[in-house]
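S.K.: Let me give you the structure first, and then I'll get to my questions.
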Amino acid sequence: MSDPLVLGIESSCDETGVGIVRGRTLLTNTVSSSMDEHVRFGGVVPEVASRAHVQAIGPAIASACETAEVELSEIDAVAVTAGPGLSGALMVGVGAAKGLAAALGKPLYGVNHLAAHVAVDLVAEDVDGLTTPTIALLVSGGHTEILRIGDLVEDIELLGATIDDAAGEAFDKTARLLGLNYPGGPNISKAALGLLDGTGIPGDRKAVRFPRGLAKKQDLRDPERRYNFSFSGLKTAALREVTKAETLGADLRVADIAAGFEDAVVDVLVTKTLLAAADTGINHVVLGGGVAANSHLREVLSARCAEAGVTLRVPPLTLCTDNGAMVAALGAELVSRGIGPSDLSFAAVSSLDVDHVLV
């Protein structure tokens, strides 16, 4: 089937996404976010996210079909994120997809969330398909990974990942420490630019020297640490600065801490991504995940990729965050290759390995 009509469902965290593609043409990308419901908790609460998915999934499917001007009976296949992600949230999407596929008598593809982030370039309108081989840097509230992509379906290798918090999670926790609202990433960026203290004066990124986790020379020489990340020390350093200021009664400029913290996260992400590119001989990098919206990350990664002679691809931001379009795109690729569907008995897997593209 050269141009299959595929509906994709994404529910791994706090966004309920439904996308519909025809082959490599994106027809709709409908997203319903429960982010506002998590603000008062300072981060994503799994039970709240799951309940929001239950409420949003039906209307999101109906809205997607209406926007794409297709009937459910026309769908050739259904794809759904099977993992990794929050267990309860994943179960809502997988359950809905199974019911839909069974009711329509259509094949169902349970796919990998991380591979789907890369697959979104198959349907992005601003490029002509996915470039491989590539190094993929995926950064969000739940994931921080470096992948080597030789082939989207048959050759994906996890090179490195965080050993504690994801980068987005570290942003959220540090934002709460600084008295900033969730989501932490955007608010730390605003604070770093001096947009939250009324001054408009950017923070000094060198005022506080934050540690670079697993980035010492001995770490970079160690194959087990070379591409891995750790952000727990950053949170501790931020807490230390706040506590010191409160103890000494000193003035604490949130913009300086925010700027230094942001710079430390970005520095490590970029350094290790370019190490992976150099070590593998791959001169192409793709950035994905919600933290791709961070302007400092995009600027630094772009500049350092250019210096290294590496091309950088950042999809449109609506396709970087969790969405159904990426799931539908990966599903359509599997159908087009003649790969058989998942068995309807498959389960959601919160810690699904990246090389398991289809469950």
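Chains: A, B, ... in order of the structure tokens. Residues: from 1 per chain. Ligands: from 1, in order shown.
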Could you pull the residues within 12 Å of Ala258 (chain A), counting only C-alpha atoms, minus those fewer than 5 positions along the same chain, as a PDB file with C-alpha atoms, in the first residue's frame?

M.R.:
```pdb
ATOM      1  CA  ALA A 170      15.048  19.285  35.803  1.00  0.00           C
ATOM      2  CA  PHE A 171      13.714  22.557  34.377  1.00  0.00           C
ATOM      3  CA  ASP A 172      10.353  21.968  36.079  1.00  0.00           C
ATOM      4  CA  THR A 174      14.285  24.089  39.388  1.00  0.00           C
ATOM      5  CA  ALA A 175      11.548  26.478  38.287  1.00  0.00           C
ATOM      6  CA  ARG A 176       9.502  25.455  41.315  1.00  0.00           C
ATOM      7  CA  LEU A 177      12.558  26.089  43.511  1.00  0.00           C
ATOM      8  CA  LEU A 178      12.838  29.607  42.053  1.00  0.00           C
ATOM      9  CA  GLY A 179       9.154  30.332  42.556  1.00  0.00           C
ATOM     10  CA  LEU A 180       8.312  30.029  38.870  1.00  0.00           C
ATOM     11  CA  GLY A 184       9.442  25.175  34.026  1.00  0.00           C
ATOM     12  CA  GLY A 185      11.329  25.276  30.723  1.00  0.00           C
ATOM     13  CA  PRO A 186       9.531  28.266  29.170  1.00  0.00           C
ATOM     14  CA  ASN A 187       9.478  30.173  32.463  1.00  0.00           C
ATOM     15  CA  ILE A 188      13.162  29.632  33.168  1.00  0.00           C
ATOM     16  CA  SER A 189      13.872  30.883  29.630  1.00  0.00           C
ATOM     17  CA  LYS A 190      11.765  33.987  30.251  1.00  0.00           C
ATOM     18  CA  ALA A 191      13.456  34.563  33.594  1.00  0.00           C
ATOM     19  CA  ALA A 192      16.885  34.168  31.970  1.00  0.00           C
ATOM     20  CA  LEU A 193      15.962  36.905  29.507  1.00  0.00           C
ATOM     21  CA  GLY A 194      14.875  39.227  32.313  1.00  0.00           C
ATOM     22  CA  LEU A 195      11.246  39.089  31.257  1.00  0.00           C
ATOM     23  CA  LEU A 196       9.813  38.058  34.628  1.00  0.00           C
ATOM     24  CA  ASP A 197      11.424  40.583  36.997  1.00  0.00           C
ATOM     25  CA  PRO A 202      19.036  39.293  30.652  1.00  0.00           C
ATOM     26  CA  GLY A 203      20.608  37.232  33.386  1.00  0.00           C
ATOM     27  CA  ASP A 204      24.365  36.775  33.539  1.00  0.00           C
ATOM     28  CA  ARG A 205      25.051  33.209  32.423  1.00  0.00           C
ATOM     29  CA  LYS A 206      28.419  33.306  34.205  1.00  0.00           C
ATOM     30  CA  ALA A 207      27.234  34.769  37.511  1.00  0.00           C
ATOM     31  CA  VAL A 208      26.734  31.273  38.892  1.00  0.00           C
ATOM     32  CA  ARG A 209      28.954  28.458  37.663  1.00  0.00           C
ATOM     33  CA  PHE A 210      26.723  25.423  37.512  1.00  0.00           C
ATOM     34  CA  LEU A 234      22.251  20.934  38.766  1.00  0.00           C
ATOM     35  CA  LYS A 235      19.144  20.988  40.933  1.00  0.00           C
ATOM     36  CA  ALA A 237      23.487  23.524  42.902  1.00  0.00           C
ATOM     37  CA  ALA A 238      20.456  25.742  42.315  1.00  0.00           C
ATOM     38  CA  LEU A 239      19.109  24.889  45.772  1.00  0.00           C
ATOM     39  CA  GLU A 241      22.509  29.155  45.642  1.00  0.00           C
ATOM     40  CA  VAL A 242      19.000  29.962  46.838  1.00  0.00           C
ATOM     41  CA  LEU A 252      19.207  36.930  44.692  1.00  0.00           C
ATOM     42  CA  ARG A 253      18.632  37.697  41.064  1.00  0.00           C
ATOM     43  CA  ASP A 263      23.281  27.373  29.934  1.00  0.00           C
ATOM     44  CA  ALA A 264      24.559  24.361  31.875  1.00  0.00           C
ATOM     45  CA  VAL A 265      21.780  22.111  30.566  1.00  0.00           C
ATOM     46  CA  HIS A 296      18.923  29.059  23.777  1.00  0.00           C
TER      47      HIS A 296
END
```

S.K.: Which residues come within 9 Å of Ala308 (chain A), counting only C-alpha atoms, excluding same-chain residues fewer than 5 positions away, as a list in words?

M.R.: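 Counting only C-alpha atoms, the residues come to Leu274, Ala278, Asn283 and Ala303 of chain A.
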
S.K.: Contacts of Leu72 (chain A) at 12 Å or less, counting only C-alpha atoms, minus same-chain residues fewer than 3 places along, as an mmCIF file with N, CA and C atoms, in the first residue's frame?

M.R.:
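In the end it all went to out_27.cif:
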```
data_model
loop_
_atom_site.group_PDB
_atom_site.id
_atom_site.type_symbol
_atom_site.label_atom_id
_atom_site.label_comp_id
_atom_site.auth_asym_id
_atom_site.auth_seq_id
_atom_site.Cartn_x
_atom_site.Cartn_y
_atom_site.Cartn_z
ATOM 1 N N LEU A 5 -3.863 5.476 4.443
ATOM 2 C CA LEU A 5 -4.497 6.479 5.289
ATOM 3 C C LEU A 5 -4.448 5.950 6.722
ATOM 4 N N VAL A 6 -3.649 6.602 7.555
ATOM 5 C CA VAL A 6 -3.387 6.092 8.899
ATOM 6 C C VAL A 6 -3.750 7.126 9.950
ATOM 7 N N LEU A 7 -4.445 6.675 10.975
ATOM 8 C CA LEU A 7 -4.763 7.519 12.127
ATOM 9 C C LEU A 7 -3.833 7.148 13.265
ATOM 10 N N ILE A 20 -3.650 12.339 11.418
ATOM 11 C CA ILE A 20 -4.048 11.518 10.267
ATOM 12 C C ILE A 20 -3.135 11.868 9.106
ATOM 13 N N ILE A 61 -10.395 12.419 18.397
ATOM 14 C CA ILE A 61 -10.531 11.585 17.194
ATOM 15 C C ILE A 61 -11.587 12.172 16.266
ATOM 16 N N ALA A 62 -12.714 12.579 16.834
ATOM 17 C CA ALA A 62 -13.784 13.164 16.018
ATOM 18 C C ALA A 62 -13.325 14.443 15.345
ATOM 19 N N SER A 63 -12.609 15.292 16.098
ATOM 20 C CA SER A 63 -12.123 16.553 15.540
ATOM 21 C C SER A 63 -11.104 16.326 14.433
ATOM 22 N N ALA A 64 -10.225 15.333 14.636
ATOM 23 C CA ALA A 64 -9.213 15.039 13.619
ATOM 24 C C ALA A 64 -9.860 14.582 12.317
ATOM 25 N N CYS A 65 -10.847 13.710 12.428
ATOM 26 C CA CYS A 65 -11.526 13.225 11.223
ATOM 27 C C CYS A 65 -12.253 14.363 10.506
ATOM 28 N N GLU A 66 -12.853 15.242 11.281
ATOM 29 C CA GLU A 66 -13.562 16.373 10.676
ATOM 30 C C GLU A 66 -12.606 17.298 9.947
ATOM 31 N N ALA A 68 -9.598 16.558 8.780
ATOM 32 C CA ALA A 68 -8.998 15.866 7.632
ATOM 33 C C ALA A 68 -10.015 15.530 6.561
ATOM 34 N N GLU A 69 -11.303 15.708 6.890
ATOM 35 C CA GLU A 69 -12.405 15.412 5.968
ATOM 36 C C GLU A 69 -12.365 13.948 5.528
ATOM 37 N N ILE A 75 -10.259 4.774 7.029
ATOM 38 C CA ILE A 75 -8.924 4.559 7.577
ATOM 39 C C ILE A 75 -8.404 3.171 7.195
ATOM 40 N N ASP A 76 -7.146 3.120 6.741
ATOM 41 C CA ASP A 76 -6.525 1.837 6.381
ATOM 42 C C ASP A 76 -5.873 1.153 7.581
ATOM 43 N N ALA A 77 -5.405 1.938 8.548
ATOM 44 C CA ALA A 77 -4.743 1.360 9.720
ATOM 45 C C ALA A 77 -4.756 2.375 10.852
ATOM 46 N N VAL A 78 -4.592 1.855 12.058
ATOM 47 C CA VAL A 78 -4.501 2.686 13.261
ATOM 48 C C VAL A 78 -3.132 2.453 13.884
ATOM 49 N N LEU A 100 -10.900 0.991 18.590
ATOM 50 C CA LEU A 100 -11.156 1.568 17.276
ATOM 51 C C LEU A 100 -10.786 0.583 16.170
ATOM 52 N N ALA A 101 -9.607 -0.031 16.280
ATOM 53 C CA ALA A 101 -9.158 -0.980 15.259
ATOM 54 C C ALA A 101 -10.087 -2.187 15.185
ATOM 55 N N ALA A 103 -13.269 -2.327 16.098
ATOM 56 C CA ALA A 103 -14.581 -1.922 15.586
ATOM 57 C C ALA A 103 -14.566 -1.720 14.083
ATOM 58 N N LEU A 104 -13.454 -1.211 13.573
ATOM 59 C CA LEU A 104 -13.337 -0.944 12.139
ATOM 60 C C LEU A 104 -12.828 -2.143 11.357
ATOM 61 N N GLY A 105 -12.292 -3.120 12.067
ATOM 62 C CA GLY A 105 -11.700 -4.265 11.386
ATOM 63 C C GLY A 105 -10.426 -3.889 10.655
ATOM 64 N N LYS A 106 -9.651 -2.979 11.248
ATOM 65 C CA LYS A 106 -8.422 -2.478 10.621
ATOM 66 C C LYS A 106 -7.201 -2.928 11.409
#
```

S.K.: When you look at Ser12 (chain A) with a cut-off of 7 Å (counting only C-alpha atoms), what residues show up, excluding the ones that are within fewer than 5 positions of it in the same chain? I need them as an MDAnalysis selection string.

M.R.: chainID A and resid 81 83 85:86 89:90

S.K.: Save the residues we just selected, C-alpha atoms, as a tab-separated table (two decimals), in the first residue's frame?

M.R.:
```
chain	number	residue	atom	x	y	z
A	81	THR	CA	2.15	4.95	21.06
A	83	GLY	CA	5.69	3.20	25.03
A	85	GLY	CA	5.77	6.94	28.76
A	86	LEU	CA	3.47	7.09	31.78
A	89	ALA	CA	-1.60	7.53	30.15
A	90	LEU	CA	-0.33	4.97	27.65
```

S.K.: Do you know which residues are at most 9 Å from Leu287 (chain A) counting only C-alpha atoms, after dropping those on the same chain fewer than 4 positions away, and could you put them as a PyMOL selection string?

M.R.: chain A and resi 118+135-139+292+298+312-315+320

S.K.: DSSP on the backbone, then: every residue of region 268-332 of chain A marked strand (DSSP E or B), written as a list in words.

M.R.: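 Here is the list: His284, Val285, Val286, Leu287, Gly288, Thr311, Leu312 and Arg313 of chain A.
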
S.K.: Restricting it to N, CA and C atoms, dump the selection as a short mmCIF file (atom, residue, chain, number, x, y, z; two decimals), in the first residue's frame.

M.R.:
```
data_model
loop_
_atom_site.label_atom_id
_atom_site.label_comp_id
_atom_site.auth_asym_id
_atom_site.auth_seq_id
_atom_site.Cartn_x
_atom_site.Cartn_y
_atom_site.Cartn_z
N HIS A 284 24.79 14.78 10.39
CA HIS A 284 23.43 15.31 10.42
C HIS A 284 22.83 15.07 11.80
N VAL A 285 22.18 16.09 12.36
CA VAL A 285 21.55 16.00 13.68
C VAL A 285 20.12 16.48 13.58
N VAL A 286 19.21 15.76 14.24
CA VAL A 286 17.83 16.20 14.32
C VAL A 286 17.48 16.40 15.79
N LEU A 287 16.78 17.49 16.08
CA LEU A 287 16.38 17.82 17.44
C LEU A 287 14.88 17.63 17.58
N GLY A 288 14.45 16.97 18.65
CA GLY A 288 13.03 16.74 18.87
C GLY A 288 12.68 16.77 20.34
N THR A 311 25.02 19.37 9.72
CA THR A 311 23.73 20.00 9.41
C THR A 311 22.75 19.69 10.53
N LEU A 312 21.92 20.68 10.86
CA LEU A 312 20.96 20.55 11.95
C LEU A 312 19.55 20.66 11.40
N ARG A 313 18.69 19.77 11.85
CA ARG A 313 17.28 19.79 11.47
C ARG A 313 16.42 19.92 12.73
#
```

S.K.: When you count only C-alpha atoms, which of these residues is closest to Ala82 (chain A): A:Glu145, A:Glu15, A:Glu299, A:Asp353?

M.R.: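 The closest residue to Ala82 (chain A) is A:Asp353.
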
S.K.: What's the 10 Å shell around Gly340 (chain A), counting only C-alpha atoms, without same-chain residues fewer than 6 positions away, as a VMD selection string?

M.R.: chain A and resid 107 to 109 334 358

S.K.: Can you write out the residues you just picked, keeping N, CA and C atoms, as an mmCIF file, in the first residue's frame?

M.R.:
```
data_model
loop_
_atom_site.group_PDB
_atom_site.id
_atom_site.type_symbol
_atom_site.label_atom_id
_atom_site.label_comp_id
_atom_site.auth_asym_id
_atom_site.auth_seq_id
_atom_site.Cartn_x
_atom_site.Cartn_y
_atom_site.Cartn_z
ATOM 1 N N PRO A 107 -6.039 -3.024 10.758
ATOM 2 C CA PRO A 107 -4.816 -3.421 11.458
ATOM 3 C C PRO A 107 -4.373 -2.340 12.437
ATOM 4 N N LEU A 108 -3.739 -2.771 13.523
ATOM 5 C CA LEU A 108 -3.269 -1.857 14.561
ATOM 6 C C LEU A 108 -1.767 -2.003 14.729
ATOM 7 N N TYR A 109 -1.081 -0.855 14.797
ATOM 8 C CA TYR A 109 0.366 -0.828 14.964
ATOM 9 C C TYR A 109 0.707 -0.112 16.273
ATOM 10 N N LEU A 334 5.433 1.908 8.336
ATOM 11 C CA LEU A 334 5.388 0.466 8.559
ATOM 12 C C LEU A 334 4.437 -0.211 7.567
ATOM 13 N N LEU A 358 8.257 -1.535 16.723
ATOM 14 C CA LEU A 358 6.895 -2.081 16.646
ATOM 15 C C LEU A 358 6.738 -3.138 17.732
#
```

S.K.: So which residues of region 120-256 of chain A fall under helix (DSSP H, G or I) by DSSP, listed as a VMD selection string?

M.R.: chain A and resid 120 to 122 167 to 177 184 to 192 217 to 221 232 to 248 254 to 256

S.K.: Quick one: residues within 10 Å of Val21 (chain A), only C-alpha atoms counted, chain neighbours fewer than 3 positions away excluded, as a list in words?

M.R.: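 That gives Asp3, Pro4, Leu5, Val6, Leu7, Gly8, Arg24, Thr25, Leu26, Leu27, Thr28, Asn29, Ala68, Ile75, Val123, Gly324, Ala325, Met326, Val327, Ala328, Ala329, Leu330, Gly331 and Ala332 of chain A.
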
S.K.: Taking into account only C-alpha atoms, which residue in the set A:Arg22, A:Lys98, A:Lys173, A:Lys244 is nearest to Pro341 (chain A)?

M.R.: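 Among the listed residues, A:Lys98 lies closest to Pro341 (chain A).
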
S.K.: Using only C-alpha atoms, pick whichever of A:Val127, A:Val120, A:Gly142, A:Glu10 has the shortest atom-to-atom distance to Pro46 (chain A).

M.R.: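 Closest residue, counting only C-alpha atoms: A:Gly142.
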
S.K.: Counting only C-alpha atoms, which residue out of A:Asp343, A:Asp14, A:Glu157, A:Asp267 sits closest to Gly93 (chain A)?

M.R.: A:Asp14
